>>> print(open('query.pdb').read())   # PDB, C-alpha atoms
ATOM      1  CA  MET T 412     -21.841   6.218   4.228
ATOM      2  CA  VAL T 413     -22.497   2.882   2.635
ATOM      3  CA  THR T 414     -23.182   0.002   4.989
ATOM      4  CA  ASN T 415     -21.092  -3.141   5.130
ATOM      5  CA  LYS T 416     -24.306  -5.086   4.664
ATOM      6  CA  ALA T 417     -25.093  -3.374   1.356
ATOM      7  CA  VAL T 418     -21.644  -4.079  -0.085
ATOM      8  CA  ARG T 419     -21.565  -7.626   1.244
ATOM      9  CA  GLN T 420     -24.923  -8.361  -0.356
ATOM     10  CA  ALA T 421     -23.791  -6.811  -3.635
ATOM     11  CA  ILE T 422     -20.658  -8.951  -3.726
ATOM     12  CA  TYR T 423     -22.640 -12.073  -2.843
ATOM     13  CA  GLN T 424     -25.082 -11.304  -5.630
ATOM     14  CA  ALA T 425     -22.262 -10.805  -8.136
ATOM     15  CA  LEU T 426     -20.542 -14.048  -7.154
ATOM     16  CA  ASN T 427     -23.675 -16.169  -6.845
ATOM     17  CA  VAL T 428     -23.567 -17.149 -10.500
ATOM     18  CA  SER T 429     -22.833 -20.488 -12.100
ATOM     19  CA  ALA T 430     -19.296 -19.497 -13.151
ATOM     20  CA  VAL T 431     -18.406 -19.515  -9.463
ATOM     21  CA  THR T 432     -20.939 -21.742  -7.737
ATOM     22  CA  THR T 433     -20.362 -24.735 -10.024
ATOM     23  CA  GLN T 434     -16.808 -24.866  -8.703
ATOM     24  CA  LEU T 435     -17.855 -24.894  -5.040
ATOM     25  CA  GLY T 436     -18.562 -27.874  -2.814
ATOM     26  CA  SER T 437     -22.235 -27.107  -2.263
ATOM     27  CA  GLY T 438     -22.983 -24.378  -4.793
ATOM     28  CA  SER T 439     -24.320 -21.201  -3.226
ATOM     29  CA  ALA T 440     -24.083 -22.746   0.261
ATOM     30  CA  SER T 441     -20.296 -22.763  -0.099
ATOM     31  CA  LEU T 442     -20.187 -19.041  -0.929
ATOM     32  CA  VAL T 443     -19.796 -17.411   2.473
ATOM     33  CA  ASN T 444     -18.956 -14.151   4.157
ATOM     34  CA  ALA T 445     -16.062 -14.143   6.651
ATOM     35  CA  ILE T 446     -16.192 -17.762   7.782
ATOM     36  CA  ALA T 447     -17.886 -20.964   6.800
ATOM     37  CA  PRO T 448     -19.799 -23.183   9.203
ATOM     38  CA  SER T 449     -17.931 -26.317  10.229
ATOM     39  CA  THR T 450     -20.336 -28.392   8.152
ATOM     40  CA  ALA T 451     -19.609 -26.512   4.917
ATOM     41  CA  ASP T 452     -18.474 -28.461   1.908
ATOM     42  CA  TYR T 453     -15.162 -27.595   0.312
ATOM     43  CA  PRO T 454     -14.104 -25.981  -1.945
ATOM     44  CA  LEU T 455     -15.363 -22.701  -0.528
ATOM     45  CA  CYS T 456     -15.420 -19.136  -1.732
ATOM     46  CA  VAL T 457     -14.932 -16.834   1.263
ATOM     47  CA  PHE T 458     -15.134 -13.060   1.070
ATOM     48  CA  GLN T 459     -14.720 -10.382   3.707
ATOM     49  CA  ARG T 460     -13.952  -6.701   4.088
ATOM     50  CA  GLN T 461     -10.317  -5.993   4.935
ATOM     51  CA  SER T 462     -10.437  -2.214   5.352
ATOM     52  CA  ASP T 463     -12.714   0.776   4.945
ATOM     53  CA  THR T 464     -11.561   4.384   4.795
ATOM     54  CA  SER T 465     -13.577   7.496   4.048
ATOM     55  CA  ILE T 466     -12.268  10.045   1.580
ATOM     56  CA  LEU T 467     -13.273  13.521   2.667
ATOM     57  CA  ARG T 468     -13.744  16.377   0.197
ATOM     58  CA  PHE T 469     -15.248  19.811   0.802
ATOM     59  CA  GLY T 470     -16.029  19.000   4.400
ATOM     60  CA  GLY T 471     -17.991  15.856   3.678
ATOM     61  CA  ASN T 472     -17.594  12.179   2.962
ATOM     62  CA  ALA T 473     -17.034  12.084  -0.800
ATOM     63  CA  PHE T 474     -16.639   8.358  -1.149
ATOM     64  CA  ASP T 475     -15.640   5.191   0.647
ATOM     65  CA  ASN T 476     -12.463   3.358  -0.239
ATOM     66  CA  GLN T 477     -12.736  -0.317   0.685
ATOM     67  CA  LEU T 478     -10.628  -3.416   0.275
ATOM     68  CA  TRP T 479     -12.313  -6.805   0.083
ATOM     69  CA  LEU T 480     -10.633 -10.181   0.072
ATOM     70  CA  VAL T 481     -12.250 -12.902  -2.022
ATOM     71  CA  LYS T 482     -10.547 -16.271  -1.848
ATOM     72  CA  GLY T 483     -11.030 -19.837  -2.814
ATOM     73  CA  VAL T 484     -10.354 -22.353  -0.050
ATOM     74  CA  VAL T 485      -9.802 -26.015  -0.766
ATOM     75  CA  ARG T 486      -9.069 -28.891   1.600
ATOM     76  CA  ASP T 487      -6.734 -30.880  -0.568
ATOM     77  CA  THR T 488      -3.085 -31.393  -1.367
ATOM     78  CA  SER T 489      -3.697 -29.699  -4.696
ATOM     79  CA  ALA T 490      -4.446 -25.975  -4.902
ATOM     80  CA  SER T 491      -6.079 -26.254  -8.322
ATOM     81  CA  ALA T 492      -9.688 -25.852  -7.204
ATOM     82  CA  ALA T 493      -8.862 -22.728  -5.186
ATOM     83  CA  GLU T 494      -6.946 -21.312  -8.138
ATOM     84  CA  ASP T 495      -9.916 -21.928 -10.412
ATOM     85  CA  ILE T 496     -12.233 -20.131  -7.989
ATOM     86  CA  ASP T 497      -9.851 -17.185  -7.817
ATOM     87  CA  LYS T 498      -9.785 -17.027 -11.613
ATOM     88  CA  ALA T 499     -13.583 -17.174 -11.901
ATOM     89  CA  VAL T 500     -13.993 -14.427  -9.284
ATOM     90  CA  ARG T 501     -11.376 -12.275 -10.959
ATOM     91  CA  ASP T 502     -13.174 -12.581 -14.303
ATOM     92  CA  LEU T 503     -16.303 -11.252 -12.615
ATOM     93  CA  LEU T 504     -14.990  -8.561 -10.289
ATOM     94  CA  ASP T 505     -11.883  -7.081 -11.886
ATOM     95  CA  PHE T 506     -13.222  -3.892 -13.512
ATOM     96  CA  GLY T 507     -16.650  -5.436 -13.110
ATOM     97  CA  THR T 508     -19.947  -4.095 -11.843
ATOM     98  CA  LEU T 509     -21.819  -4.311  -8.536
ATOM     99  CA  THR T 510     -25.312  -3.178  -7.694
ATOM    100  CA  ILE T 511     -25.086  -1.682  -4.218
ATOM    101  CA  SER T 512     -28.262  -0.679  -2.444
ATOM    102  CA  GLY T 513     -28.190   3.032  -1.599
ATOM    103  CA  ALA T 514     -24.820   3.711  -3.196
ATOM    104  CA  SER T 515     -22.985   3.823  -6.504
ATOM    105  CA  LEU T 516     -19.927   1.797  -7.347
ATOM    106  CA  MET T 517     -17.325   4.056  -8.961
ATOM    107  CA  HIS T 518     -14.606   1.483  -9.353
ATOM    108  CA  ILE T 519     -13.732  -2.098  -8.562
ATOM    109  CA  ALA T 520     -10.423  -3.658  -9.514
ATOM    110  CA  ARG T 521      -8.069  -6.344  -8.323
ATOM    111  CA  GLN T 522      -5.228  -4.895  -6.305
ATOM    112  CA  SER T 523      -3.119  -7.860  -5.235
ATOM    113  CA  GLY T 524      -3.084 -11.581  -4.719
ATOM    114  CA  VAL T 525      -3.181 -13.592  -1.505
ATOM    115  CA  THR T 526      -1.809 -17.133  -1.300
ATOM    116  CA  TYR T 527      -1.087 -19.220   1.764
ATOM    117  CA  VAL T 528      -1.315 -22.756   3.027
ATOM    118  CA  GLU T 529      -2.844 -23.787   6.328
ATOM    119  CA  THR T 530      -2.279 -27.148   7.949
ATOM    120  CA  GLU T 531      -4.629 -28.574  10.550
ATOM    121  CA  GLY T 532      -3.492 -31.950  11.795
ATOM    122  CA  ASP T 533      -3.052 -34.046   8.674
ATOM    123  CA  GLN T 534      -5.265 -31.785   6.572
ATOM    124  CA  ILE T 535      -4.037 -29.157   4.153
ATOM    125  CA  PHE T 536      -6.022 -26.079   3.211
ATOM    126  CA  HIS T 537      -4.992 -23.882   0.289
ATOM    127  CA  HIS T 538      -6.216 -20.297   0.467
ATOM    128  CA  ILE T 539      -5.867 -18.507  -2.871
ATOM    129  CA  GLY T 540      -7.576 -15.252  -3.650
ATOM    130  CA  SER T 541      -7.311 -11.588  -4.449
ATOM    131  CA  ILE T 542      -7.839  -8.264  -2.775
ATOM    132  CA  TYR T 543     -10.181  -5.931  -4.636
ATOM    133  CA  ARG T 544     -10.379  -2.192  -4.197
ATOM    134  CA  LEU T 545     -13.857  -0.719  -4.252
ATOM    135  CA  VAL T 546     -14.526   2.984  -4.482
ATOM    136  CA  ILE T 547     -18.105   3.712  -3.551
ATOM    137  CA  GLN T 548     -20.034   6.947  -3.694
ATOM    138  CA  THR T 549     -22.939   7.353  -1.325
TER     139      THR T 549
ATOM    140  CA  MET K 422      34.204  39.990 -13.411
ATOM    141  CA  PRO K 423      33.540  36.340 -14.220
ATOM    142  CA  VAL K 424      30.559  34.681 -12.593
ATOM    143  CA  THR K 425      30.652  31.031 -11.614
ATOM    144  CA  LEU K 426      27.368  29.188 -11.658
ATOM    145  CA  LYS K 427      27.142  26.119  -9.509
ATOM    146  CA  SER K 428      24.486  23.502 -10.106
ATOM    147  CA  ARG K 429      22.632  22.138  -7.094
ATOM    148  CA  ILE K 430      21.194  19.274  -9.106
ATOM    149  CA  PRO K 431      23.749  16.645  -7.963
ATOM    150  CA  GLU K 432      23.163  17.610  -4.332
ATOM    151  CA  ILE K 433      19.400  17.538  -4.775
ATOM    152  CA  ALA K 434      19.497  14.206  -6.601
ATOM    153  CA  ALA K 435      21.628  12.691  -3.852
ATOM    154  CA  SER K 436      19.364  13.946  -1.085
ATOM    155  CA  ILE K 437      16.082  12.744  -2.611
ATOM    156  CA  PRO K 438      16.411   9.108  -1.473
ATOM    157  CA  LEU K 439      17.441  10.135   2.015
ATOM    158  CA  ARG K 440      14.679  12.680   2.446
ATOM    159  CA  THR K 441      11.957  10.498   0.984
ATOM    160  CA  GLY K 442      13.344   7.534   2.902
ATOM    161  CA  ALA K 443      13.108   9.466   6.133
ATOM    162  CA  ALA K 444       9.540  10.482   5.337
ATOM    163  CA  ILE K 445       8.622   6.901   4.500
ATOM    164  CA  LYS K 446      10.204   5.748   7.751
ATOM    165  CA  VAL K 447       8.021   8.137   9.732
ATOM    166  CA  GLY K 448       4.916   7.021   7.853
ATOM    167  CA  VAL K 449       5.599   3.317   8.176
ATOM    168  CA  GLU K 450       6.373   3.641  11.870
ATOM    169  CA  ALA K 451       2.976   5.282  12.341
ATOM    170  CA  MET K 452       1.329   2.447  10.402
ATOM    171  CA  ALA K 453       3.144  -0.154  12.501
ATOM    172  CA  ALA K 454       2.007   1.579  15.691
ATOM    173  CA  ASP K 455      -1.597   1.531  14.451
ATOM    174  CA  ALA K 456      -1.323  -2.142  13.489
ATOM    175  CA  LYS K 457       0.144  -2.957  16.875
ATOM    176  CA  ALA K 458      -2.699  -1.171  18.624
ATOM    177  CA  VAL K 459      -5.416  -3.229  16.953
ATOM    178  CA  ALA K 460      -3.659  -6.573  16.477
ATOM    179  CA  PRO K 461      -5.482  -9.364  18.249
ATOM    180  CA  ASP K 462      -3.581 -11.814  20.363
ATOM    181  CA  PRO K 463      -5.536 -15.025  20.291
ATOM    182  CA  ALA K 464      -4.694 -17.687  22.840
ATOM    183  CA  PRO K 465      -2.422 -19.574  23.110
ATOM    184  CA  THR K 466       0.011 -17.151  21.523
ATOM    185  CA  GLY K 467      -0.206 -14.699  24.383
ATOM    186  CA  GLN K 468       1.125 -11.299  23.474
ATOM    187  CA  TYR K 469       3.517 -12.567  20.849
ATOM    188  CA  LEU K 470       1.844 -11.250  17.689
ATOM    189  CA  LYS K 471       1.255  -7.789  19.102
ATOM    190  CA  ALA K 472       4.751  -7.621  20.539
ATOM    191  CA  SER K 473       6.318  -8.712  17.261
ATOM    192  CA  ILE K 474       4.923  -5.863  15.174
ATOM    193  CA  GLU K 475       7.400  -3.165  14.271
ATOM    194  CA  ALA K 476       8.621  -1.050  11.385
ATOM    195  CA  ARG K 477      11.793  -2.455   9.905
ATOM    196  CA  SER K 478      14.114  -1.353   7.180
ATOM    197  CA  GLY K 479      15.045  -3.778   4.481
ATOM    198  CA  ASP K 480      18.557  -4.775   3.624
ATOM    199  CA  ILE K 481      18.597  -2.801   0.436
ATOM    200  CA  GLU K 482      21.692  -0.675   0.316
ATOM    201  CA  TYR K 483      22.930   2.010  -1.913
ATOM    202  CA  GLY K 484      26.262   3.584  -2.471
ATOM    203  CA  ARG K 485      25.528   6.001  -5.237
ATOM    204  CA  ASP K 486      26.935   8.840  -3.214
ATOM    205  CA  ALA K 487      29.043   7.499  -0.404
ATOM    206  CA  ALA K 488      29.973  11.012   0.629
ATOM    207  CA  PHE K 489      26.374  11.570   1.536
ATOM    208  CA  ALA K 490      26.225   8.540   3.770
ATOM    209  CA  PRO K 491      27.321  10.193   7.024
ATOM    210  CA  SER K 492      24.235  12.406   7.030
ATOM    211  CA  ALA K 493      22.018   9.350   6.812
ATOM    212  CA  ALA K 494      22.261   8.906  10.556
ATOM    213  CA  GLU K 495      20.510  12.257  10.987
ATOM    214  CA  HIS K 496      17.556  10.740   9.193
ATOM    215  CA  GLY K 497      17.488   7.691  11.390
ATOM    216  CA  PHE K 498      19.221   5.196   9.136
ATOM    217  CA  ALA K 499      21.984   2.996  10.389
ATOM    218  CA  THR K 500      25.283   2.905   8.560
ATOM    219  CA  PRO K 501      26.579  -0.652   8.348
ATOM    220  CA  LEU K 502      29.945  -1.008  10.021
ATOM    221  CA  GLY K 503      32.933  -1.012   7.735
ATOM    222  CA  ARG K 504      31.001   0.060   4.691
ATOM    223  CA  GLN K 505      30.232   3.459   3.273
ATOM    224  CA  LEU K 506      26.733   2.410   2.431
ATOM    225  CA  VAL K 507      23.466   3.180   4.083
ATOM    226  CA  THR K 508      20.207   1.330   4.204
ATOM    227  CA  GLU K 509      17.849   2.912   1.754
ATOM    228  CA  ASN K 510      14.151   3.533   1.998
ATOM    229  CA  ALA K 511      13.017  -0.084   1.919
ATOM    230  CA  TYR K 512      10.774   0.041   4.917
ATOM    231  CA  GLY K 513       7.916  -2.161   5.923
ATOM    232  CA  ILE K 514       5.839  -3.614   8.732
ATOM    233  CA  TYR K 515       7.197  -6.770  10.278
ATOM    234  CA  ALA K 516       5.014  -9.193  12.240
ATOM    235  CA  ALA K 517       5.314 -12.754  13.500
ATOM    236  CA  TRP K 518       5.234 -15.403  10.778
ATOM    237  CA  TYR K 519       1.596 -16.371  11.309
ATOM    238  CA  TRP K 520       0.318 -12.835  10.746
ATOM    239  CA  HIS K 521      -1.435 -13.816   7.501
ATOM    240  CA  PHE K 522      -3.571 -16.407   9.292
ATOM    241  CA  VAL K 523      -4.865 -13.625  11.523
ATOM    242  CA  GLU K 524      -5.057 -11.031   8.749
ATOM    243  CA  TYR K 525      -6.845 -13.229   6.187
ATOM    244  CA  GLY K 526      -8.455 -15.946   8.313
ATOM    245  CA  THR K 527      -8.230 -19.724   8.401
ATOM    246  CA  SER K 528     -10.622 -22.617   7.946
ATOM    247  CA  ARG K 529     -11.575 -22.272  11.603
ATOM    248  CA  SER K 530     -11.090 -18.613  12.465
ATOM    249  CA  VAL K 531     -12.497 -15.450  10.998
ATOM    250  CA  ALA K 532     -10.073 -12.885   9.612
ATOM    251  CA  LYS K 533      -9.097 -10.048  11.922
ATOM    252  CA  PRO K 534      -7.309  -7.585   9.635
ATOM    253  CA  PHE K 535      -4.813  -5.388  11.446
ATOM    254  CA  ILE K 536      -2.106  -4.545   8.904
ATOM    255  CA  THR K 537      -4.241  -3.674   5.878
ATOM    256  CA  PRO K 538      -6.384  -1.124   7.773
ATOM    257  CA  ALA K 539      -3.266   0.487   9.243
ATOM    258  CA  VAL K 540      -1.605   0.762   5.836
ATOM    259  CA  GLU K 541      -4.754   2.109   4.208
ATOM    260  CA  ALA K 542      -5.335   4.672   6.943
ATOM    261  CA  GLY K 543      -1.681   5.742   7.066
ATOM    262  CA  THR K 544      -0.984   6.067   3.347
ATOM    263  CA  PRO K 545      -2.318   9.645   2.921
ATOM    264  CA  ALA K 546      -0.172  10.870   5.813
ATOM    265  CA  LEU K 547       2.883   9.064   4.449
ATOM    266  CA  LEU K 548       2.411  10.624   1.021
ATOM    267  CA  ALA K 549       1.991  14.043   2.630
ATOM    268  CA  GLU K 550       5.294  13.530   4.470
ATOM    269  CA  VAL K 551       7.049  12.589   1.235
ATOM    270  CA  LYS K 552       5.641  15.611  -0.580
ATOM    271  CA  ALA K 553       6.681  17.922   2.244
ATOM    272  CA  SER K 554      10.196  16.480   2.252
ATOM    273  CA  LEU K 555      10.549  17.112  -1.486
ATOM    274  CA  ARG K 556       9.195  20.654  -1.275
ATOM    275  CA  SER K 557      11.974  21.593   1.116
ATOM    276  CA  LEU K 558      14.756  20.641  -1.300
TER     277      LEU K 558
END
>>> encode(input="query.pdb", output="structure tokens")
Amino acid sequence: MVTNKAVRQAIYQALNVSAVTTQLGSGSASLVNAIAPSTADYPLCVFQRQSDTSILRFGGNAFDNQLWLVKGVVRDTSASAAEDIDKAVRDLLDFGTLTISGASLMHIARQSGVTYVETEGDQIFHHIGSIYRLVIQT
Amino acid sequence: MPVTLKSRIPEIAASIPLRTGAAIKVGVEAMAADAKAVAPDPAPTGQYLKASIEARSGDIEYGRDAAFAPSAAEHGFATPLGRQLVTENAYGIYAAWYWHFVEYGTSRSVAKPFITPAVEAGTPALLAEVKASLRSL
């Protein structure tokens, strides 16, 4: 079984490159897992695990099948910055590579898109991202 | 003595959507039940999100074999009044409109996925149901 921590760190490492961080409010500090602190600078890149199922073969856990959401979040009337983050992430992760401690990545590919708008008072947040399927062998 | 051969292919072709639709219905209902079990109900919405989750058929209809429609009720599909059409196998999980804020998170709240895990966990069982329904043709 691969730990959530190992996959999270691998994704962070893959995304913590200039192609992504130059588009974020505070570079690497705006690349966050699950939720950003209230002081974070937008635009953000937020990633989190959405599901994790084990595939059993021959009486054992053959591999883990995980879905991760990676999205750009911008506080603006325009969604452009979030769209650019989604594009940069997709270029890196779709059929890309991850180095996962203690496990081997068999496959990573974009599965679907996620787009929604959140309003908070007079502020507008655009959330635009993708769900990636990871198949991991331990 | 002449022998008459009768093809079952039309009957089989007509029953495929009903049988697979019934299997999908069973699978999606199980997914919806799982999603309902784990869905959070953050204040101040009370129990609304959890209560709203259910498996629902879409409004996709077919009439390719109207004569087959009466048996649709045996598979759990409603026959619209006044029409010899049945709702086909468009089946999904319905939840209150703000489900995606809970599922994917907001600027202030962390995501609490409840539909994706249910769909992922229930897909193998749903596919097994579909395969079993086709084997019995």
>>> resolve_selection(input="query.pdb", expression="the ChimeraX specification (/T :<12) & /K", output="list in words")
Trp518, Tyr519, Trp520, His521, Phe522, Val523, Glu524, Tyr525, Gly526, Thr527, Ser528, Arg529, Ser530, Val531, Ala532, Lys533, Pro534, Phe535, Ile536, Thr537, Pro538, Ala539, Val540, Glu541, Ala542, Gly543, Thr544 and Pro545 of chain K
>>> residues_around(input="query.pdb", residues="K:Ile433", least_positions_apart="3", cutoff="12 Å", atoms="only C-alpha atoms", output="list in words")
Ser428, Arg429, Ile430, Ser436, Ile437, Pro438, Leu439, Arg440, Thr441, Asp486, Phe489, Ser554, Leu555, Arg556, Ser557 and Leu558 of chain K
>>> resolve_selection(input="query.pdb", expression="the PyMOL selection byres ((chain K and resi 444-449) around 6)", output="ChimeraX atom specification")
/K:441-443,450-452,547,550-551
>>> atom_distance(input="query.pdb", atom1="atom CA of T:Thr432", atom2="atom CA of T:Arg544")
22.5 Å
>>> atom_distance(input="query.pdb", atom1="atom CA of T:Gln548", atom2="atom CA of T:Asp505")
18.2 Å
>>> resolve_selection(input="query.pdb", expression="the PyMOL selection byres ((chain T and resi 431) around 12)", output="ChimeraX atom specification")
/T:423-430,432-442,454-457,481-483,492-504
>>> atom_distance(input="query.pdb", atom1="atom CA of T:Thr510", atom2="atom CA of T:Phe469")
26.5 Å
>>> axis_aligned_box(input="query.pdb", around="stretch 534-551 of chain K", padding_each_side="3 Å", output="lines of an AutoDock Vina configuration file")
center_x = -0.1
center_y = 3.2
center_z = 6.2
size_x = 20.4
size_y = 27.6
size_z = 16.4
>>> decode(input="query.pdb", residues="stretch 419-485 of chain T", atoms="C-alpha atoms", output="CSV table (one decimal), in the first residue's frame")
chain,number,residue,atom,x,y,z
T,419,ARG,CA,1.2,13.9,-2.3
T,420,GLN,CA,4.9,14.7,-2.1
T,421,ALA,CA,5.5,13.2,-5.6
T,422,ILE,CA,2.7,15.4,-7.1
T,423,TYR,CA,4.1,18.5,-5.3
T,424,GLN,CA,7.5,17.7,-6.6
T,425,ALA,CA,6.2,17.3,-10.2
T,426,LEU,CA,4.3,20.6,-10.0
T,427,ASN,CA,6.9,22.6,-8.2
T,428,VAL,CA,8.5,23.7,-11.4
T,429,SER,CA,8.6,27.1,-13.1
T,430,ALA,CA,6.0,26.2,-15.7
T,431,VAL,CA,3.5,26.1,-12.9
T,432,THR,CA,4.9,28.3,-10.1
T,433,THR,CA,5.5,31.3,-12.3
T,434,GLN,CA,1.7,31.5,-12.8
T,435,LEU,CA,0.9,31.4,-9.1
T,436,GLY,CA,0.5,34.3,-6.7
T,437,SER,CA,3.4,33.5,-4.5
T,438,GLY,CA,5.3,30.8,-6.5
T,439,SER,CA,5.7,27.6,-4.5
T,440,ALA,CA,3.9,29.0,-1.5
T,441,SER,CA,0.7,29.1,-3.7
T,442,LEU,CA,1.0,25.4,-4.6
T,443,VAL,CA,-1.0,23.7,-1.8
T,444,ASN,CA,-2.5,20.4,-0.8
T,445,ALA,CA,-6.2,20.4,0.0
T,446,ILE,CA,-6.7,24.0,1.2
T,447,ALA,CA,-4.7,27.2,1.2
T,448,PRO,CA,-4.2,29.3,4.3
T,449,SER,CA,-6.3,32.4,4.4
T,450,THR,CA,-3.2,34.5,3.8
T,451,ALA,CA,-2.3,32.7,0.5
T,452,ASP,CA,-1.9,34.8,-2.6
T,453,TYR,CA,-4.0,34.0,-5.6
T,454,PRO,CA,-3.9,32.5,-8.1
T,455,LEU,CA,-3.4,29.1,-6.4
T,456,CYS,CA,-2.8,25.6,-7.5
T,457,VAL,CA,-4.7,23.2,-5.2
T,458,PHE,CA,-4.4,19.5,-5.4
T,459,GLN,CA,-6.0,16.7,-3.3
T,460,ARG,CA,-6.9,13.0,-3.5
T,461,GLN,CA,-10.5,12.4,-4.5
T,462,SER,CA,-10.6,8.6,-4.2
T,463,ASP,CA,-8.4,5.6,-3.5
T,464,THR,CA,-9.3,2.0,-4.3
T,465,SER,CA,-7.2,-1.2,-4.1
T,466,ILE,CA,-7.2,-3.6,-7.0
T,467,LEU,CA,-6.8,-7.1,-5.7
T,468,ARG,CA,-5.2,-9.9,-7.7
T,469,PHE,CA,-4.2,-13.4,-6.6
T,470,GLY,CA,-5.2,-12.7,-3.0
T,471,GLY,CA,-3.1,-9.6,-2.6
T,472,ASN,CA,-3.1,-5.9,-3.3
T,473,ALA,CA,-1.8,-5.7,-6.9
T,474,PHE,CA,-2.0,-1.9,-7.3
T,475,ASP,CA,-3.8,1.2,-6.1
T,476,ASN,CA,-6.1,3.1,-8.3
T,477,GLN,CA,-6.3,6.8,-7.2
T,478,LEU,CA,-8.0,9.9,-8.5
T,479,TRP,CA,-6.4,13.3,-7.8
T,480,LEU,CA,-7.9,16.7,-8.5
T,481,VAL,CA,-5.5,19.4,-9.5
T,482,LYS,CA,-7.0,22.8,-10.0
T,483,GLY,CA,-6.2,26.4,-10.5
T,484,VAL,CA,-8.1,28.8,-8.4
T,485,VAL,CA,-8.2,32.5,-9.1
